[in-house]
file structure_12.pdb (PDB, C-alpha atoms, pLDDT in the B column)
ATOM      1  CA  MET A   1     118.989  76.407  75.168  1.00 48.00           C
ATOM      2  CA  GLU A   2     115.830  78.582  75.215  1.00 49.00           C
ATOM      3  CA  THR A   3     113.655  75.477  75.530  1.00 48.00           C
ATOM      4  CA  GLN A   4     115.752  74.369  78.494  1.00 49.00           C
ATOM      5  CA  LYS A   5     115.351  77.792  80.151  1.00 49.00           C
ATOM      6  CA  GLU A   6     111.603  77.740  79.576  1.00 52.00           C
ATOM      7  CA  SER A   7     111.243  74.269  81.069  1.00 53.00           C
ATOM      8  CA  LEU A   8     113.338  75.340  84.062  1.00 56.00           C
ATOM      9  CA  SER A   9     111.329  78.537  84.695  1.00 60.00           C
ATOM     10  CA  SER A  10     108.058  76.624  84.424  1.00 73.00           C
ATOM     11  CA  ARG A  11     109.056  74.648  87.506  1.00 85.00           C
ATOM     12  CA  PHE A  12     109.100  77.714  89.733  1.00 92.00           C
ATOM     13  CA  ALA A  13     106.661  80.418  90.843  1.00 93.00           C
ATOM     14  CA  ARG A  14     105.614  83.249  88.569  1.00 94.00           C
ATOM     15  CA  VAL A  15     107.077  86.448  89.963  1.00 94.00           C
ATOM     16  CA  TYR A  16     105.789  89.981  89.416  1.00 93.00           C
ATOM     17  CA  GLY A  17     107.028  93.332  90.674  1.00 88.00           C
ATOM     18  CA  SER A  18     110.273  94.548  92.219  1.00 82.00           C
ATOM     19  CA  PRO A  19     111.091  93.879  95.886  1.00 80.00           C
ATOM     20  CA  GLY A  20     112.505  96.663  98.026  1.00 66.00           C
ATOM     21  CA  GLU A  21     111.532  99.474  95.669  1.00 64.00           C
ATOM     22  CA  ALA A  22     109.133 101.203  98.075  1.00 58.00           C
ATOM     23  CA  PRO A  23     111.527 101.442 101.050  1.00 54.00           C
ATOM     24  CA  ARG A  24     114.305 102.749  98.812  1.00 53.00           C
ATOM     25  CA  VAL A  25     112.178 105.523  97.323  1.00 55.00           C
ATOM     26  CA  LEU A  26     110.400 106.372 100.570  1.00 58.00           C
ATOM     27  CA  GLY A  27     113.694 106.186 102.417  1.00 50.00           C
ATOM     28  CA  LEU A  28     115.268 108.833 100.191  1.00 53.00           C
ATOM     29  CA  LEU A  29     112.240 111.107 100.489  1.00 55.00           C
ATOM     30  CA  ARG A  30     111.781 110.760 104.248  1.00 59.00           C
ATOM     31  CA  ALA A  31     115.460 110.761 105.132  1.00 57.00           C
ATOM     32  CA  PHE A  32     116.539 113.816 103.164  1.00 58.00           C
ATOM     33  CA  TRP A  33     113.540 116.130 103.270  1.00 57.00           C
ATOM     34  CA  PRO A  34     115.306 118.204 105.991  1.00 62.00           C
ATOM     35  CA  LEU A  35     117.808 119.233 103.327  1.00 62.00           C
ATOM     36  CA  LEU A  36     115.036 121.279 101.739  1.00 62.00           C
ATOM     37  CA  LEU A  37     114.822 123.315 104.922  1.00 64.00           C
ATOM     38  CA  ILE A  38     118.590 123.803 104.919  1.00 63.00           C
ATOM     39  CA  CYS A  39     118.563 124.923 101.290  1.00 66.00           C
ATOM     40  CA  PHE A  40     115.725 127.338 102.018  1.00 64.00           C
ATOM     41  CA  ALA A  41     117.560 128.793 105.020  1.00 62.00           C
ATOM     42  CA  ALA A  42     120.814 129.138 103.061  1.00 62.00           C
ATOM     43  CA  GLY A  43     118.981 130.797 100.190  1.00 62.00           C
ATOM     44  CA  TYR A  44     117.344 133.251 102.560  1.00 60.00           C
ATOM     45  CA  LEU A  45     120.718 134.204 104.066  1.00 55.00           C
ATOM     46  CA  VAL A  46     122.277 134.754 100.653  1.00 57.00           C
ATOM     47  CA  ARG A  47     119.319 136.893  99.649  1.00 59.00           C
ATOM     48  CA  ALA A  48     119.571 138.837 102.934  1.00 54.00           C
ATOM     49  CA  TRP A  49     123.215 139.637 102.209  1.00 54.00           C
ATOM     50  CA  LEU A  50     123.193 140.214  98.440  1.00 53.00           C
ATOM     51  CA  PRO A  51     122.832 142.427  96.536  1.00 56.00           C
ATOM     52  CA  GLN A  52     121.690 144.886  99.223  1.00 55.00           C
ATOM     53  CA  PRO A  53     122.412 143.614 102.719  1.00 54.00           C
ATOM     54  CA  ILE A  54     119.400 143.353 105.041  1.00 58.00           C
ATOM     55  CA  LEU A  55     121.517 141.770 107.774  1.00 54.00           C
ATOM     56  CA  SER A  56     125.032 142.735 108.806  1.00 60.00           C
ATOM     57  CA  GLN A  57     127.964 140.598 107.703  1.00 59.00           C
ATOM     58  CA  SER A  58     128.554 139.359 111.246  1.00 66.00           C
ATOM     59  CA  HIS A  59     124.899 138.368 111.642  1.00 61.00           C
ATOM     60  CA  VAL A  60     124.940 136.506 108.347  1.00 55.00           C
ATOM     61  CA  GLY A  61     128.170 134.747 109.340  1.00 61.00           C
ATOM     62  CA  ILE A  62     126.701 133.599 112.646  1.00 67.00           C
ATOM     63  CA  LEU A  63     123.522 132.390 110.969  1.00 63.00           C
ATOM     64  CA  PHE A  64     125.512 130.554 108.289  1.00 59.00           C
ATOM     65  CA  PHE A  65     127.466 128.817 111.048  1.00 63.00           C
ATOM     66  CA  LEU A  66     124.232 127.766 112.784  1.00 66.00           C
ATOM     67  CA  VAL A  67     122.806 126.522 109.480  1.00 65.00           C
ATOM     68  CA  ALA A  68     125.993 124.507 108.854  1.00 65.00           C
ATOM     69  CA  VAL A  69     125.761 122.896 112.307  1.00 67.00           C
ATOM     70  CA  ALA A  70     122.095 122.082 111.758  1.00 67.00           C
ATOM     71  CA  ALA A  71     122.933 120.637 108.320  1.00 64.00           C
ATOM     72  CA  ALA A  72     125.601 118.367 109.796  1.00 63.00           C
ATOM     73  CA  ILE A  73     123.213 117.079 112.475  1.00 65.00           C
ATOM     74  CA  LEU A  74     120.376 116.538 110.004  1.00 63.00           C
ATOM     75  CA  LEU A  75     122.643 114.795 107.497  1.00 60.00           C
ATOM     76  CA  ALA A  76     123.870 112.375 110.170  1.00 60.00           C
ATOM     77  CA  TRP A  77     120.277 111.695 111.237  1.00 58.00           C
ATOM     78  CA  SER A  78     119.154 111.299 107.606  1.00 59.00           C
ATOM     79  CA  ASP A  79     122.015 108.934 106.802  1.00 56.00           C
ATOM     80  CA  ARG A  80     121.106 106.694 109.747  1.00 61.00           C
ATOM     81  CA  ARG A  81     117.433 106.722 108.803  1.00 61.00           C
ATOM     82  CA  LEU A  82     118.215 105.960 105.163  1.00 53.00           C
ATOM     83  CA  GLY A  83     120.357 103.037 106.324  1.00 55.00           C
ATOM     84  CA  ASN A  84     117.329 101.584 108.104  1.00 62.00           C
ATOM     85  CA  PHE A  85     115.220 101.835 104.960  1.00 58.00           C
ATOM     86  CA  LEU A  86     117.945 100.229 102.839  1.00 66.00           C
ATOM     87  CA  LYS A  87     118.270  97.420 105.340  1.00 75.00           C
ATOM     88  CA  GLY A  88     114.524  96.866 105.036  1.00 66.00           C
ATOM     89  CA  ALA A  89     114.872  96.770 101.245  1.00 80.00           C
ATOM     90  CA  LYS A  90     117.585  94.103 101.519  1.00 87.00           C
ATOM     91  CA  GLY A  91     115.285  92.052 103.725  1.00 86.00           C
ATOM     92  CA  GLU A  92     112.521  92.223 101.113  1.00 89.00           C
ATOM     93  CA  GLU A  93     114.971  91.218  98.382  1.00 89.00           C
ATOM     94  CA  TRP A  94     116.118  88.207 100.406  1.00 92.00           C
ATOM     95  CA  VAL A  95     112.539  87.063 100.956  1.00 94.00           C
ATOM     96  CA  ALA A  96     111.669  87.641  97.285  1.00 93.00           C
ATOM     97  CA  HIS A  97     114.621  85.452  96.277  1.00 93.00           C
ATOM     98  CA  GLU A  98     113.352  82.637  98.498  1.00 94.00           C
ATOM     99  CA  LEU A  99     109.790  83.009  97.229  1.00 95.00           C
ATOM    100  CA  ALA A 100     110.938  82.699  93.627  1.00 94.00           C
ATOM    101  CA  PHE A 101     111.766  79.041  94.287  1.00 93.00           C
ATOM    102  CA  LEU A 102     108.213  78.114  95.228  1.00 95.00           C
ATOM    103  CA  GLY A 103     106.506  75.641  92.904  1.00 93.00           C
ATOM    104  CA  SER A 104     104.845  76.594  89.630  1.00 93.00           C
ATOM    105  CA  GLU A 105     101.419  76.509  91.291  1.00 93.00           C
ATOM    106  CA  TYR A 106     102.356  79.725  93.148  1.00 95.00           C
ATOM    107  CA  ALA A 107     102.390  83.344  92.000  1.00 96.00           C
ATOM    108  CA  VAL A 108     104.402  85.988  93.850  1.00 97.00           C
ATOM    109  CA  PHE A 109     103.778  89.738  93.761  1.00 96.00           C
ATOM    110  CA  ASN A 110     106.503  91.955  95.217  1.00 94.00           C
ATOM    111  CA  GLY A 111     106.237  95.648  96.097  1.00 91.00           C
ATOM    112  CA  LEU A 112     102.605  95.923  95.045  1.00 92.00           C
ATOM    113  CA  ARG A 113     100.350  98.896  95.749  1.00 91.00           C
ATOM    114  CA  LEU A 114      96.645  98.646  94.928  1.00 93.00           C
ATOM    115  CA  ALA A 115      95.023 101.437  92.965  1.00 86.00           C
ATOM    116  CA  GLY A 116      93.720 104.003  95.450  1.00 86.00           C
ATOM    117  CA  GLY A 117      95.085 101.931  98.332  1.00 89.00           C
ATOM    118  CA  LYS A 118      97.053 103.089 101.350  1.00 90.00           C
ATOM    119  CA  GLN A 119      99.253 100.037 101.920  1.00 92.00           C
ATOM    120  CA  ASN A 120     102.574  99.064 100.364  1.00 91.00           C
ATOM    121  CA  PHE A 121     102.538  95.275 100.126  1.00 95.00           C
ATOM    122  CA  ASP A 122     105.970  93.729 100.603  1.00 94.00           C
ATOM    123  CA  HIS A 123     104.797  90.401  99.166  1.00 96.00           C
ATOM    124  CA  ILE A 124     101.517  88.794  98.147  1.00 97.00           C
ATOM    125  CA  ILE A 125     101.597  85.057  97.456  1.00 97.00           C
ATOM    126  CA  VAL A 126      98.785  83.183  95.747  1.00 96.00           C
ATOM    127  CA  GLY A 127      98.813  79.394  95.942  1.00 93.00           C
ATOM    128  CA  PRO A 128      96.833  76.266  96.784  1.00 91.00           C
ATOM    129  CA  ALA A 129      96.750  77.155 100.496  1.00 89.00           C
ATOM    130  CA  GLY A 130      95.166  80.541  99.774  1.00 90.00           C
ATOM    131  CA  VAL A 131      96.434  84.086  99.561  1.00 95.00           C
ATOM    132  CA  PHE A 132      99.183  85.280 101.884  1.00 96.00           C
ATOM    133  CA  VAL A 133     100.116  88.849 102.741  1.00 97.00           C
ATOM    134  CA  VAL A 134     103.732  88.854 103.949  1.00 97.00           C
ATOM    135  CA  GLU A 135     105.243  91.810 105.797  1.00 95.00           C
ATOM    136  CA  THR A 136     109.039  91.550 105.995  1.00 95.00           C
ATOM    137  CA  LYS A 137     111.172  93.021 108.763  1.00 94.00           C
ATOM    138  CA  ASN A 138     114.956  93.017 108.840  1.00 91.00           C
ATOM    139  CA  TRP A 139     115.693  94.142 112.394  1.00 90.00           C
ATOM    140  CA  LYS A 140     118.739  93.613 114.582  1.00 87.00           C
ATOM    141  CA  GLY A 141     118.466  92.072 118.010  1.00 89.00           C
ATOM    142  CA  SER A 142     115.407  90.289 119.315  1.00 93.00           C
ATOM    143  CA  VAL A 143     111.692  90.876 119.716  1.00 94.00           C
ATOM    144  CA  GLU A 144     109.148  89.616 122.215  1.00 95.00           C
ATOM    145  CA  PHE A 145     105.386  89.406 122.342  1.00 94.00           C
ATOM    146  CA  ARG A 146     103.137  90.282 125.258  1.00 92.00           C
ATOM    147  CA  ASP A 147      99.345  90.513 125.264  1.00 90.00           C
ATOM    148  CA  GLY A 148      99.206  90.256 121.477  1.00 89.00           C
ATOM    149  CA  LYS A 149     101.678  93.114 120.960  1.00 92.00           C
ATOM    150  CA  LEU A 150     105.240  93.173 119.661  1.00 95.00           C
ATOM    151  CA  TYR A 151     108.080  94.770 121.604  1.00 94.00           C
ATOM    152  CA  ALA A 152     111.586  95.480 120.311  1.00 92.00           C
ATOM    153  CA  GLY A 153     114.145  96.543 122.893  1.00 85.00           C
ATOM    154  CA  GLY A 154     111.370  96.558 125.489  1.00 87.00           C
ATOM    155  CA  LYS A 155     109.350  99.158 123.549  1.00 91.00           C
ATOM    156  CA  GLU A 156     106.453  98.947 121.136  1.00 92.00           C
ATOM    157  CA  PRO A 157     107.513 100.285 117.695  1.00 90.00           C
ATOM    158  CA  SER A 158     105.976 103.541 116.482  1.00 88.00           C
ATOM    159  CA  ARG A 159     104.590 101.580 113.521  1.00 89.00           C
ATOM    160  CA  PRO A 160     103.602  98.195 115.003  1.00 94.00           C
ATOM    161  CA  PRO A 161     104.228  95.561 112.296  1.00 95.00           C
ATOM    162  CA  LEU A 162     101.335  93.406 113.492  1.00 96.00           C
ATOM    163  CA  LYS A 163      98.970  96.291 112.784  1.00 96.00           C
ATOM    164  CA  GLN A 164     100.719  96.914 109.456  1.00 95.00           C
ATOM    165  CA  VAL A 165     100.197  93.420 108.124  1.00 97.00           C
ATOM    166  CA  LYS A 166      96.617  93.298 109.425  1.00 97.00           C
ATOM    167  CA  ALA A 167      95.800  96.602 107.715  1.00 97.00           C
ATOM    168  CA  ALA A 168      97.358  95.336 104.473  1.00 97.00           C
ATOM    169  CA  THR A 169      95.392  92.085 104.705  1.00 97.00           C
ATOM    170  CA  ALA A 170      92.132  93.972 105.271  1.00 96.00           C
ATOM    171  CA  GLU A 171      92.831  96.154 102.222  1.00 97.00           C
ATOM    172  CA  LEU A 172      93.507  93.100 100.050  1.00 97.00           C
ATOM    173  CA  VAL A 173      90.337  91.374 101.288  1.00 96.00           C
ATOM    174  CA  GLU A 174      88.345  94.475 100.365  1.00 96.00           C
ATOM    175  CA  PHE A 175      90.017  94.546  96.944  1.00 96.00           C
ATOM    176  CA  LEU A 176      89.118  90.905  96.280  1.00 95.00           C
ATOM    177  CA  ASP A 177      85.551  91.480  97.482  1.00 94.00           C
ATOM    178  CA  ASP A 178      85.166  94.423  95.104  1.00 93.00           C
ATOM    179  CA  SER A 179      86.591  92.270  92.297  1.00 92.00           C
ATOM    180  CA  GLY A 180      83.998  89.576  92.903  1.00 91.00           C
ATOM    181  CA  LYS A 181      86.514  87.179  94.436  1.00 87.00           C
ATOM    182  CA  GLY A 182      85.322  87.358  98.018  1.00 84.00           C
ATOM    183  CA  GLY A 183      85.462  84.396 100.367  1.00 86.00           C
ATOM    184  CA  ILE A 184      89.019  83.404  99.447  1.00 90.00           C
ATOM    185  CA  PRO A 185      91.140  82.812 102.570  1.00 89.00           C
ATOM    186  CA  VAL A 186      93.721  85.556 103.057  1.00 93.00           C
ATOM    187  CA  HIS A 187      96.392  84.947 105.698  1.00 94.00           C
ATOM    188  CA  SER A 188      98.605  87.504 107.460  1.00 96.00           C
ATOM    189  CA  VAL A 189     102.294  86.630 107.841  1.00 97.00           C
ATOM    190  CA  LEU A 190     104.997  88.653 109.577  1.00 97.00           C
ATOM    191  CA  CYS A 191     108.445  87.437 108.551  1.00 97.00           C
ATOM    192  CA  PHE A 192     111.668  88.399 110.347  1.00 96.00           C
ATOM    193  CA  VAL A 193     114.840  87.937 108.330  1.00 93.00           C
ATOM    194  CA  SER A 194     117.633  88.486 110.859  1.00 87.00           C
ATOM    195  CA  THR A 195     115.830  88.920 114.157  1.00 92.00           C
ATOM    196  CA  GLU A 196     115.863  86.602 117.133  1.00 93.00           C
ATOM    197  CA  LEU A 197     112.352  85.303 117.867  1.00 95.00           C
ATOM    198  CA  PRO A 198     111.026  83.447 120.925  1.00 94.00           C
ATOM    199  CA  GLU A 199     109.958  80.662 118.522  1.00 95.00           C
ATOM    200  CA  GLU A 200     110.562  80.195 114.800  1.00 95.00           C
ATOM    201  CA  ILE A 201     106.820  79.965 114.086  1.00 95.00           C
ATOM    202  CA  MET A 202     104.107  81.548 116.234  1.00 95.00           C
ATOM    203  CA  ASN A 203     100.532  82.713 115.974  1.00 94.00           C
ATOM    204  CA  VAL A 204     100.244  86.157 117.537  1.00 95.00           C
ATOM    205  CA  ASN A 205      96.813  87.717 117.610  1.00 92.00           C
ATOM    206  CA  GLY A 206      95.802  86.065 114.343  1.00 92.00           C
ATOM    207  CA  VAL A 207      99.083  86.764 112.540  1.00 96.00           C
ATOM    208  CA  VAL A 208     101.574  84.028 111.695  1.00 96.00           C
ATOM    209  CA  VAL A 209     104.997  85.239 112.851  1.00 97.00           C
ATOM    210  CA  CYS A 210     107.970  83.307 111.523  1.00 96.00           C
ATOM    211  CA  ALA A 211     111.699  83.386 110.911  1.00 96.00           C
ATOM    212  CA  GLY A 212     112.802  83.813 107.308  1.00 94.00           C
ATOM    213  CA  ALA A 213     114.083  80.244 107.163  1.00 94.00           C
ATOM    214  CA  ARG A 214     110.589  78.911 107.940  1.00 95.00           C
ATOM    215  CA  LEU A 215     108.598  81.140 105.584  1.00 95.00           C
ATOM    216  CA  ILE A 216     108.379  78.688 102.682  1.00 94.00           C
ATOM    217  CA  GLY A 217     107.017  75.991 104.995  1.00 93.00           C
ATOM    218  CA  VAL A 218     104.360  78.392 106.290  1.00 93.00           C
ATOM    219  CA  LEU A 219     103.219  79.229 102.755  1.00 93.00           C
ATOM    220  CA  GLN A 220     102.920  75.560 101.866  1.00 89.00           C
ATOM    221  CA  GLU A 221     100.840  74.755 104.937  1.00 81.00           C
ATOM    222  CA  ILE A 222      97.134  74.230 104.240  1.00 67.00           C
ATOM    223  CA  PHE A 223      95.308  76.118 107.018  1.00 69.00           C
ATOM    224  CA  GLY A 224      91.863  75.240 105.710  1.00 70.00           C
ATOM    225  CA  GLU A 225      90.291  74.007 102.513  1.00 75.00           C
ATOM    226  CA  PRO A 226      92.713  74.382  99.578  1.00 82.00           C
ATOM    227  CA  ILE A 227      91.564  76.708  96.810  1.00 87.00           C
ATOM    228  CA  SER A 228      91.198  75.479  93.259  1.00 90.00           C
ATOM    229  CA  GLU A 229      93.631  76.228  90.449  1.00 91.00           C
ATOM    230  CA  SER A 230      90.971  78.219  88.593  1.00 93.00           C
ATOM    231  CA  THR A 231      90.343  80.392  91.654  1.00 92.00           C
ATOM    232  CA  CYS A 232      94.081  81.007  92.006  1.00 93.00           C
ATOM    233  CA  GLU A 233      94.261  82.103  88.390  1.00 94.00           C
ATOM    234  CA  GLN A 234      91.343  84.497  88.877  1.00 94.00           C
ATOM    235  CA  VAL A 235      93.107  86.153  91.824  1.00 95.00           C
ATOM    236  CA  VAL A 236      96.393  86.300  89.906  1.00 94.00           C
ATOM    237  CA  GLY A 237      94.552  87.899  86.992  1.00 95.00           C
ATOM    238  CA  GLU A 238      93.087  90.622  89.207  1.00 94.00           C
ATOM    239  CA  LEU A 239      96.476  91.413  90.763  1.00 95.00           C
ATOM    240  CA  ARG A 240      98.175  91.471  87.384  1.00 93.00           C
ATOM    241  CA  LYS A 241      95.708  94.139  86.283  1.00 93.00           C
ATOM    242  CA  VAL A 242      97.065  96.358  89.072  1.00 91.00           C
ATOM    243  CA  ILE A 243     100.607  96.011  87.712  1.00 83.00           C
ATOM    244  CA  GLU A 244      99.656  96.398  84.067  1.00 75.00           C
TER     245      GLU A 244
END

call {"tool": "encode", "arguments": {"input": "structure_12.pdb", "output": "structure tokens"}}
result
Amino acid sequence: METQKESLSSRFARVYGSPGEAPRVLGLLRAFWPLLLICFAAGYLVRAWLPQPILSQSHVGILFFLVAVAAAILLAWSDRRLGNFLKGAKGEEWVAHELAFLGSEYAVFNGLRLAGGKQNFDHIIVGPAGVFVVETKNWKGSVEFRDGKLYAGGKEPSRPPLKQVKAATAELVEFLDDSGKGGIPVHSVLCFVSTELPEEIMNVNGVVVCAGARLIGVLQEIFGEPISESTCEQVVGELRKVIE
């Protein structure tokens, strides 16, 4: 049975890391930090009332009411924001599941962060076609592109995903250069899981934008000269050092 499992796993990509971990952790921190302010305000009011009142009972009651209203508003806002992060995590998990079925010549790194780096990499794929940096978005509705920019709901997002994936790609290129593996083609891919796109595959300002269903085909496309197996293994080795 073990031999059968080993032979089966050897047919598919090597997978490292956990998808969706970063948005879950960051989502909790960013969504609920206002609760710290509420706790601080409540603690101040308790201290102002006990054991020797600094404020009158009526003043404390009014302030407690205002704090409770603010807490309710902030909790509703935090819950909605956390939901967005969790939806992003589900998108990364879906993509990671699809990537796991790539051939054995591929290696997949999920949720990677380079030592001293600023970017959270959703997915890095190393294969014969080169190295791919994939940024995953799980947005409702549709998006459009004008003048090399992305618009959702007619507005440019506060964190433009095209800039995100380009910044991540630049950081990975610098990492490979510093590791002595410069010159390897690194491609930027922006993948939308449940978003309506003008076309299923596009090239927008140097970034390949695709629907989730077309991602595997993009990663198997040879954009230039294929890289050798030994070069792939060298890149995989450098990325594994980051995890280990």

call {"tool": "resolve_selection", "arguments": {"input": "structure_12.pdb", "expression": "the PyMOL selection byres ((chain A and resi 123) around 7)", "output": "PyMOL selection string"}}
result
chain A and resi 108-111+121-122+124-125+133-135

call {"tool": "residues_around", "arguments": {"input": "structure_12.pdb", "residues": "Gly103 of chain A", "least_positions_apart": "4", "cutoff": "12 Å", "atoms": "only C-alpha atoms", "output": "ChimeraX atom specification"}}
result
/A:8-15,98-99,107-108,125-128,216,219-220

call {"tool": "residues_around", "arguments": {"input": "structure_12.pdb", "residues": "Gly212 of chain A", "least_positions_apart": "4", "cutoff": "6 Å", "atoms": "only C-alpha atoms", "output": "PDB file with C-alpha atoms, in the frame of the given file"}}
result
ATOM      1  CA  CYS A 191     108.445  87.437 108.551  1.00 97.00           C
ATOM      2  CA  PHE A 192     111.668  88.399 110.347  1.00 96.00           C
ATOM      3  CA  VAL A 193     114.840  87.937 108.330  1.00 93.00           C
TER       4      VAL A 193
END

call {"tool": "resolve_selection", "arguments": {"input": "structure_12.pdb", "expression": "the PyMOL selection byres ((chain A and resi 228) around 10)", "output": "PDB file with C-alpha atoms, in the frame of the given file"}}
result
ATOM      1  CA  GLY A 127      98.813  79.394  95.942  1.00 93.00           C
ATOM      2  CA  PRO A 128      96.833  76.266  96.784  1.00 91.00           C
ATOM      3  CA  ALA A 129      96.750  77.155 100.496  1.00 89.00           C
ATOM      4  CA  GLY A 130      95.166  80.541  99.774  1.00 90.00           C
ATOM      5  CA  GLU A 225      90.291  74.007 102.513  1.00 75.00           C
ATOM      6  CA  PRO A 226      92.713  74.382  99.578  1.00 82.00           C
ATOM      7  CA  ILE A 227      91.564  76.708  96.810  1.00 87.00           C
ATOM      8  CA  GLU A 229      93.631  76.228  90.449  1.00 91.00           C
ATOM      9  CA  SER A 230      90.971  78.219  88.593  1.00 93.00           C
ATOM     10  CA  THR A 231      90.343  80.392  91.654  1.00 92.00           C
ATOM     11  CA  CYS A 232      94.081  81.007  92.006  1.00 93.00           C
ATOM     12  CA  GLU A 233      94.261  82.103  88.390  1.00 94.00           C
TER      13      GLU A 233
END

call {"tool": "atom_distance", "arguments": {"input": "structure_12.pdb", "atom1": "atom CA of Gly183 of chain A", "atom2": "atom CA of Ala100 of chain A"}}
result
26.4 Å

call {"tool": "atom_distance", "arguments": {"input": "structure_12.pdb", "atom1": "atom CA of Asp147 of chain A", "atom2": "atom CA of Glu196 of chain A"}}
result
18.8 Å

call {"tool": "atom_distance", "arguments": {"input": "structure_12.pdb", "atom1": "atom CA of Cys210 of chain A", "atom2": "atom CA of Val235 of chain A"}}
result
24.8 Å

call {"tool": "axis_aligned_box", "arguments": {"input": "structure_12.pdb", "around": "segment 97-102 of chain A", "padding_each_side": "3 Å", "output": "AutoDock Vina command-line options"}}
result
--center_x 111.4 --center_y 81.8 --center_z 96.1 --size_x 12.4 --size_y 13.3 --size_z 10.9

call {"tool": "resolve_selection", "arguments": {"input": "structure_12.pdb", "expression": "the PyMOL selection byres ((chain A and resi 155-169) around 10)", "output": "ChimeraX atom specification"}}
result
/A:113,117-122,124,131-137,143-145,148-154,170-175,186-191,204-209
